[in-house]
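Text of my_file-v5.json, listed as JSON, C-alpha atoms:
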[["chain", "number", "residue", "atom", "x", "y", "z"],
["A", 1, "MET", "CA", 16.25, -5.10, 4.95],
["A", 2, "THR", "CA", 15.28, -3.94, 1.46],
["A", 3, "THR", "CA", 13.86, -0.48, 0.82],
["A", 4, "LEU", "CA", 11.45, -0.15, -2.08],
["A", 5, "GLN", "CA", 9.86, 3.17, -2.95],
["A", 6, "THR", "CA", 7.77, 4.84, -5.57],
["A", 7, "ALA", "CA", 8.35, 8.17, -7.21],
["A", 8, "THR", "CA", 6.83, 11.16, -5.42],
["A", 9, "VAL", "CA", 3.71, 12.32, -7.25],
["A", 10, "THR", "CA", 1.64, 15.48, -6.92],
["A", 11, "LEU", "CA", -2.09, 14.95, -6.47],
["A", 12, "PRO", "CA", -4.89, 17.50, -6.97],
["A", 13, "VAL", "CA", -6.41, 16.88, -3.52],
["A", 14, "SER", "CA", -5.60, 18.20, -0.07],
["A", 15, "ALA", "CA", -3.35, 16.24, 2.27],
["A", 16, "ASP", "CA", -6.36, 15.78, 4.58],
["A", 17, "VAL", "CA", -8.48, 14.23, 1.82],
["A", 18, "LEU", "CA", -5.69, 11.84, 0.80],
["A", 19, "TYR", "CA", -4.99, 10.97, 4.43],
["A", 20, "ALA", "CA", -8.69, 10.24, 5.10],
["A", 21, "PHE", "CA", -8.75, 7.91, 2.10],
["A", 22, "LEU", "CA", -5.52, 6.05, 2.92],
["A", 23, "SER", "CA", -6.10, 5.82, 6.68],
["A", 24, "ASP", "CA", -9.32, 3.78, 6.16],
["A", 25, "LEU", "CA", -8.02, 0.44, 4.91],
["A", 26, "SER", "CA", -11.47, -0.63, 3.70],
["A", 27, "LYS", "CA", -11.07, 2.01, 0.95],
["A", 28, "HIS", "CA", -7.87, 0.40, -0.35],
["A", 29, "ARG", "CA", -10.03, -1.92, -2.44],
["A", 30, "ALA", "CA", -10.30, 0.97, -4.95],
["A", 31, "PHE", "CA", -6.59, 0.80, -5.84],
["A", 32, "LEU", "CA", -5.73, -2.84, -5.01],
["A", 33, "GLU", "CA", -8.36, -4.57, -7.14],
["A", 34, "PRO", "CA", -8.45, -6.38, -9.54],
["A", 35, "VAL", "CA", -5.09, -7.86, -8.43],
["A", 36, "ALA", "CA", -6.40, -8.23, -4.85],
["A", 37, "LEU", "CA", -8.78, -11.18, -5.04],
["A", 38, "GLY", "CA", -11.51, -11.58, -2.41],
["A", 39, "PHE", "CA", -10.76, -8.22, -0.77],
["A", 40, "THR", "CA", -12.29, -7.68, 2.68],
["A", 41, "GLY", "CA", -11.47, -4.87, 5.03],
["A", 42, "ALA", "CA", -12.38, -2.44, 7.76],
["A", 43, "ALA", "CA", -10.86, 0.86, 8.89],
["A", 44, "ASP", "CA", -7.90, -0.83, 10.64],
["A", 45, "TRP", "CA", -7.18, -3.89, 8.43],
["A", 46, "HIS", "CA", -7.64, -5.53, 5.06],
["A", 47, "ARG", "CA", -7.17, -9.04, 3.66],
["A", 48, "TYR", "CA", -6.99, -10.38, 0.15],
["A", 49, "VAL", "CA", -5.27, -12.99, -2.01],
["A", 50, "ILE", "CA", -2.86, -12.38, -4.87],
["A", 51, "GLU", "CA", -1.76, -14.87, -7.50],
["A", 52, "VAL", "CA", 2.00, -15.25, -7.83],
["A", 53, "MET", "CA", 3.41, -17.76, -10.31],
["A", 54, "GLY", "CA", 0.19, -19.79, -10.17],
["A", 55, "MET", "CA", 0.04, -19.81, -6.35],
["A", 56, "LYS", "CA", -2.63, -18.03, -4.32],
["A", 57, "VAL", "CA", -0.88, -16.03, -1.60],
["A", 58, "PRO", "CA", -2.93, -14.52, 1.26],
["A", 59, "GLN", "CA", -2.12, -10.95, 2.28],
["A", 60, "GLU", "CA", -3.19, -9.17, 5.45],
["A", 61, "MET", "CA", -2.23, -5.66, 6.54],
["A", 62, "VAL", "CA", -3.09, -3.73, 9.69],
["A", 63, "VAL", "CA", -2.54, -0.11, 10.73],
["A", 64, "LYS", "CA", 0.57, 0.46, 12.82],
["A", 65, "GLU", "CA", 0.51, 4.26, 12.87],
["A", 66, "ARG", "CA", -1.59, 7.17, 11.67],
["A", 67, "VAL", "CA", -0.38, 10.78, 11.66],
["A", 68, "PRO", "CA", -3.20, 12.97, 10.31],
["A", 69, "GLY", "CA", -2.32, 14.63, 7.01],
["A", 70, "VAL", "CA", 1.23, 13.22, 7.07],
["A", 71, "ARG", "CA", 1.47, 9.42, 6.98],
["A", 72, "VAL", "CA", -0.21, 6.05, 7.34],
["A", 73, "VAL", "CA", 1.95, 3.04, 8.25],
["A", 74, "LEU", "CA", 0.87, -0.56, 7.68],
["A", 75, "VAL", "CA", 2.41, -3.85, 8.81],
["A", 76, "PRO", "CA", 1.42, -7.46, 8.15],
["A", 77, "GLY", "CA", -1.31, -8.94, 10.32],
["A", 78, "ALA", "CA", -1.55, -12.57, 11.40],
["A", 79, "LYS", "CA", -1.10, -13.90, 7.84],
["A", 80, "LYS", "CA", 2.32, -12.76, 6.63],
["A", 81, "LEU", "CA", 4.95, -13.94, 4.22],
["A", 82, "PHE", "CA", 7.68, -11.77, 5.75],
["A", 83, "ASP", "CA", 8.12, -8.72, 7.94],
["A", 84, "HIS", "CA", 7.73, -5.36, 6.28],
["A", 85, "GLU", "CA", 6.47, -1.87, 6.93],
["A", 86, "LEU", "CA", 4.59, 0.06, 4.25],
["A", 87, "ARG", "CA", 4.46, 3.85, 4.62],
["A", 88, "TYR", "CA", 2.23, 6.24, 2.72],
["A", 89, "GLN", "CA", 4.08, 9.56, 3.04],
["A", 90, "ILE", "CA", 1.91, 12.63, 2.43],
["A", 91, "THR", "CA", 3.09, 16.24, 2.15],
["A", 92, "ALA", "CA", 0.77, 19.24, 1.75],
["A", 93, "THR", "CA", 1.56, 21.56, -1.18],
["A", 94, "ALA", "CA", 0.01, 24.69, -2.63],
["A", 95, "GLU", "CA", -1.52, 22.60, -5.46],
["A", 96, "GLY", "CA", -2.83, 19.80, -3.19],
["A", 97, "CYS", "CA", -0.36, 17.26, -1.84],
["A", 98, "THR", "CA", 2.36, 14.79, -2.73],
["A", 99, "LEU", "CA", 2.43, 11.07, -2.08],
["A", 100, "ARG", "CA", 5.27, 8.59, -1.94],
["A", 101, "MET", "CA", 5.03, 4.97, -0.86],
["A", 102, "VAL", "CA", 7.98, 3.32, 0.92],
["A", 103, "ASP", "CA", 8.17, -0.36, 1.85],
["A", 104, "GLU", "CA", 10.92, -1.55, 4.21],
["A", 105, "ALA", "CA", 10.88, -5.31, 3.64],
["A", 106, "ASP", "CA", 12.80, -8.20, 5.18],
["A", 107, "ILE", "CA", 12.49, -10.43, 2.12],
["A", 108, "PRO", "CA", 13.64, -14.02, 2.69],
["A", 109, "MET", "CA", 16.57, -15.05, 0.47],
["A", 110, "MET", "CA", 14.58, -17.66, -1.45],
["A", 111, "MET", "CA", 11.82, -15.14, -2.24],
["A", 112, "ALA", "CA", 14.43, -12.57, -3.28],
["A", 113, "MET", "CA", 15.96, -15.09, -5.68],
["A", 114, "MET", "CA", 12.50, -15.63, -7.19],
["A", 115, "GLY", "CA", 12.11, -11.91, -7.94],
["A", 116, "ALA", "CA", 10.02, -10.79, -4.95],
["A", 117, "GLU", "CA", 11.58, -7.30, -5.05],
["A", 118, "LYS", "CA", 10.43, -6.71, -8.63],
["A", 119, "LEU", "CA", 6.96, -8.00, -7.79],
["A", 120, "LEU", "CA", 6.66, -5.74, -4.74],
["A", 121, "GLN", "CA", 7.96, -2.73, -6.65],
["A", 122, "GLY", "CA", 5.45, -3.42, -9.39],
["A", 123, "GLN", "CA", 2.62, -3.57, -6.85],
["A", 124, "LEU", "CA", 3.70, -0.27, -5.29],
["A", 125, "ASP", "CA", 4.01, 1.45, -8.66],
["A", 126, "SER", "CA", 0.64, 0.20, -9.94],
["A", 127, "ALA", "CA", -1.08, 1.20, -6.67],
["A", 128, "LEU", "CA", 0.41, 4.69, -6.98],
["A", 129, "VAL", "CA", -0.82, 5.03, -10.58],
["A", 130, "ARG", "CA", -4.31, 3.93, -9.53],
["A", 131, "ILE", "CA", -4.34, 6.40, -6.60],
["A", 132, "GLN", "CA", -3.34, 9.16, -9.07],
["A", 133, "GLU", "CA", -6.21, 8.16, -11.35],
["A", 134, "LEU", "CA", -8.71, 8.12, -8.47],
["A", 135, "ALA", "CA", -7.52, 11.55, -7.29],
["A", 136, "GLY", "CA", -7.80, 12.97, -10.80],
["A", 137, "GLU", "CA", -11.34, 11.59, -11.10],
["A", 138, "GLY", "CA", -12.36, 13.02, -7.72],
["A", 139, "LYS", "CA", -12.96, 9.56, -6.26],
["A", 140, "LEU", "CA", -10.92, 9.70, -3.04],
["A", 141, "ALA", "CA", -13.88, 10.64, -0.85]]

Written form, structure tokens:
Amino acid sequence: MTTLQTATVTLPVSADVLYAFLSDLSKHRAFLEPVALGFTGAADWHRYVIEVMGMKVPQEMVVKERVPGVRVVLVPGAKKLFDHELRYQITATAEGCTLRMVDEADIPMMMAMMGAEKLLQGQLDSALVRIQELAGEGKLA
């Protein structure tokens, strides 16, 4: 099992606002696009396609756990490349809240040799930057 994680960032919104945004998977379009092609989603799931080395790879995530104001945990749905668990960890602070994303991934050896860890880390980091931008612009509602 490989553990990938982002830095912990401080956001200028309350933990409840961030939780409400992250717990509704249909809202993830805001920080997954334009990389997420053909995004569709509802409160409990989302699907999209990403291009990796010229191949279109379907992605599907569903909610495994929600703890209000604290965390949202996602796992692959029916369409999965490998087992993994993505956690959005939220902590309330005096200034708003902090967010860190952690992905526990069981990356197959062949995918690891092709650089899957770097790709996943890049996706996590870019999603975090986009969430920071959205929070700063007041667009997490």

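Residues surrounding A:Glu60 within 9 Å are A:Trp45, A:His46, A:Arg47, A:Tyr48, A:Val49, A:Val75, A:Pro76, A:Gly77, A:Ala78, A:Lys79, A:Lys80 [only C-alpha atoms; sequence separation below 5 positions excluded].
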
Length of the atom CA of A:Phe21 to atom CA of A:Gly136 vector [Å]
13.9 Å

Please provide as a ChimeraX atom specification all residues within 12 Å of A:Lys64, with the sequence filter that same-chain residues fewer than 4 positions apart are discarded (counting all atoms listed in the file).
/A:23,25,44-45,71-77,84-88

For stretch 51-55 of chain A, work out the shell of residues within 12 Å, counting only C-alpha atoms and skipping chain neighbours fewer than 4 positions away, then give it as JSON, numbers by chain.
{"A": [34, 35, 36, 37, 38, 59, 111, 114, 115, 116, 119, 120, 123]}

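Summary of the local environment: counting all atoms listed in the file, residues at most 7 Å from A:Leu140, other than itself and those fewer than 2 positions away along its chain, are Leu18, Phe21, Leu134, Ala135 and Gly138 of chain A.
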
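Proximity ranking of A:Met1, A:Leu99, A:Val63, A:Ala7 relative to A:Asp125 places A:Ala7 first, based on all atoms listed in the file.
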
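The spacing separating atom CA of A:Pro68 from atom CA of A:His28 amounts to 17.1 Å.
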
Box time for stretch 106-122 of chain A: axis-aligned, enclosing all its listed atoms, 3 Å extra on each side; report centre and edge lengths in Å to one decimal, as lines of an AutoDock Vina configuration file.
center_x = 11.0
center_y = -10.2
center_z = -2.1
size_x = 17.1
size_y = 20.9
size_z = 20.6

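Of note, atom CA of A:Thr3 and atom CA of A:Glu95 are spaced 28.4 Å apart.
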
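If all atoms listed in the file are the atoms counted, then among A:Val70, A:Ala42, A:Ile50, A:Ile131 the closest residue to A:Tyr19 is A:Val70.
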
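If only C-alpha atoms are the atoms counted, then among A:Leu81, A:Met101, A:Ala43, A:Leu124 the closest residue to A:Pro58 is A:Leu81.
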
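Among the candidate residues A:Thr40, A:Thr8, A:Met61, A:Thr93, the one lying nearest to A:Ser26 is A:Thr40, with distances computed using only C-alpha atoms.
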
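Closest to A:Met110 among A:Leu22, A:Phe82, A:Ser14, A:Glu137 is A:Phe82, based on only C-alpha atoms.
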
Could I get stretch 60-104 of chain A from the block written out with N, CA and C atoms, as a compact mmCIF listing (two decimals), in the first residue's frame?
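File written: result.txt
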# COMPACT_ATOMS: atom_id res chain seq x y z
N GLU A 60 -14.17 6.43 -11.38
CA GLU A 60 -15.44 6.50 -10.67
C GLU A 60 -15.15 6.44 -9.18
N MET A 61 -15.70 7.38 -8.43
CA MET A 61 -15.52 7.41 -6.98
C MET A 61 -16.87 7.51 -6.31
N VAL A 62 -16.99 6.86 -5.15
CA VAL A 62 -18.21 6.89 -4.36
C VAL A 62 -17.85 7.21 -2.91
N VAL A 63 -18.81 7.74 -2.18
CA VAL A 63 -18.58 8.08 -0.77
C VAL A 63 -18.57 6.81 0.06
N LYS A 64 -17.53 6.67 0.87
CA LYS A 64 -17.44 5.58 1.83
C LYS A 64 -17.85 6.06 3.21
N GLU A 65 -17.44 7.29 3.55
CA GLU A 65 -17.70 7.81 4.90
C GLU A 65 -17.77 9.33 4.86
N ARG A 66 -18.66 9.86 5.68
CA ARG A 66 -18.75 11.31 5.89
C ARG A 66 -18.81 11.55 7.39
N VAL A 67 -17.93 12.42 7.88
CA VAL A 67 -17.95 12.86 9.27
C VAL A 67 -18.05 14.38 9.21
N PRO A 68 -19.22 14.95 9.51
CA PRO A 68 -19.44 16.38 9.33
C PRO A 68 -18.34 17.25 9.95
N GLY A 69 -17.82 18.16 9.12
CA GLY A 69 -16.80 19.10 9.56
C GLY A 69 -15.43 18.52 9.78
N VAL A 70 -15.26 17.20 9.53
CA VAL A 70 -13.98 16.54 9.84
C VAL A 70 -13.36 15.81 8.64
N ARG A 71 -14.14 14.98 7.95
CA ARG A 71 -13.56 14.25 6.83
C ARG A 71 -14.63 13.70 5.89
N VAL A 72 -14.17 13.50 4.65
CA VAL A 72 -14.95 12.82 3.62
C VAL A 72 -14.01 11.77 3.04
N VAL A 73 -14.49 10.52 2.94
CA VAL A 73 -13.67 9.42 2.44
C VAL A 73 -14.32 8.85 1.19
N LEU A 74 -13.52 8.73 0.12
CA LEU A 74 -14.00 8.20 -1.15
C LEU A 74 -13.24 6.92 -1.50
N VAL A 75 -13.94 6.01 -2.18
CA VAL A 75 -13.33 4.79 -2.70
C VAL A 75 -13.81 4.61 -4.14
N PRO A 76 -13.10 3.79 -4.92
CA PRO A 76 -13.54 3.56 -6.29
C PRO A 76 -14.91 2.89 -6.33
N GLY A 77 -15.68 3.22 -7.36
CA GLY A 77 -16.96 2.56 -7.59
C GLY A 77 -16.74 1.33 -8.45
N ALA A 78 -17.70 1.04 -9.30
CA ALA A 78 -17.64 -0.17 -10.14
C ALA A 78 -16.47 -0.14 -11.12
N LYS A 79 -16.15 1.04 -11.65
CA LYS A 79 -15.04 1.17 -12.61
C LYS A 79 -13.79 1.58 -11.85
N LYS A 80 -12.86 0.64 -11.63
CA LYS A 80 -11.66 1.00 -10.89
C LYS A 80 -10.42 0.38 -11.51
N LEU A 81 -9.34 1.12 -11.41
CA LEU A 81 -8.05 0.63 -11.88
C LEU A 81 -7.36 -0.17 -10.78
N PHE A 82 -7.55 0.27 -9.53
CA PHE A 82 -6.94 -0.39 -8.37
C PHE A 82 -7.66 0.09 -7.13
N ASP A 83 -7.46 -0.62 -6.03
CA ASP A 83 -8.08 -0.23 -4.78
C ASP A 83 -7.35 0.97 -4.19
N HIS A 84 -8.11 1.91 -3.70
CA HIS A 84 -7.52 3.02 -2.95
C HIS A 84 -8.61 3.73 -2.17
N GLU A 85 -8.16 4.50 -1.19
CA GLU A 85 -9.07 5.26 -0.34
C GLU A 85 -8.55 6.68 -0.26
N LEU A 86 -9.36 7.62 -0.71
CA LEU A 86 -8.99 9.03 -0.71
C LEU A 86 -9.71 9.73 0.43
N ARG A 87 -8.92 10.38 1.31
CA ARG A 87 -9.50 11.09 2.46
C ARG A 87 -9.23 12.58 2.35
N TYR A 88 -10.29 13.35 2.53
CA TYR A 88 -10.20 14.79 2.67
C TYR A 88 -10.27 15.05 4.17
N GLN A 89 -9.16 15.46 4.77
CA GLN A 89 -9.09 15.66 6.22
C GLN A 89 -9.21 17.15 6.52
N ILE A 90 -10.23 17.51 7.28
CA ILE A 90 -10.56 18.90 7.58
C ILE A 90 -10.40 19.14 9.07
N THR A 91 -9.77 20.27 9.42
CA THR A 91 -9.63 20.65 10.83
C THR A 91 -10.02 22.12 10.98
N ALA A 92 -10.93 22.40 11.90
CA ALA A 92 -11.34 23.78 12.16
C ALA A 92 -10.20 24.54 12.82
N THR A 93 -10.04 25.81 12.44
CA THR A 93 -9.03 26.69 13.05
C THR A 93 -9.70 28.03 13.33
N ALA A 94 -8.98 28.89 14.03
CA ALA A 94 -9.51 30.23 14.32
C ALA A 94 -9.68 31.04 13.04
N GLU A 95 -8.83 30.80 12.04
CA GLU A 95 -8.88 31.56 10.78
C GLU A 95 -9.83 30.96 9.76
N GLY A 96 -10.32 29.76 9.98
CA GLY A 96 -11.18 29.06 9.01
C GLY A 96 -11.04 27.56 9.21
N CYS A 97 -10.20 26.93 8.38
CA CYS A 97 -9.95 25.50 8.53
C CYS A 97 -8.68 25.12 7.77
N THR A 98 -8.24 23.89 8.00
CA THR A 98 -7.14 23.34 7.21
C THR A 98 -7.66 22.14 6.44
N LEU A 99 -6.97 21.84 5.36
CA LEU A 99 -7.31 20.68 4.53
C LEU A 99 -6.04 19.96 4.14
N ARG A 100 -6.11 18.65 4.22
CA ARG A 100 -5.05 17.78 3.70
C ARG A 100 -5.73 16.61 3.02
N MET A 101 -5.20 16.20 1.89
CA MET A 101 -5.74 15.06 1.16
C MET A 101 -4.74 13.91 1.29
N VAL A 102 -5.26 12.72 1.62
CA VAL A 102 -4.43 11.53 1.77
C VAL A 102 -5.04 10.41 0.93
N ASP A 103 -4.22 9.76 0.13
CA ASP A 103 -4.69 8.65 -0.71
C ASP A 103 -3.87 7.41 -0.37
N GLU A 104 -4.53 6.41 0.19
CA GLU A 104 -3.91 5.10 0.46
C GLU A 104 -4.21 4.24 -0.76
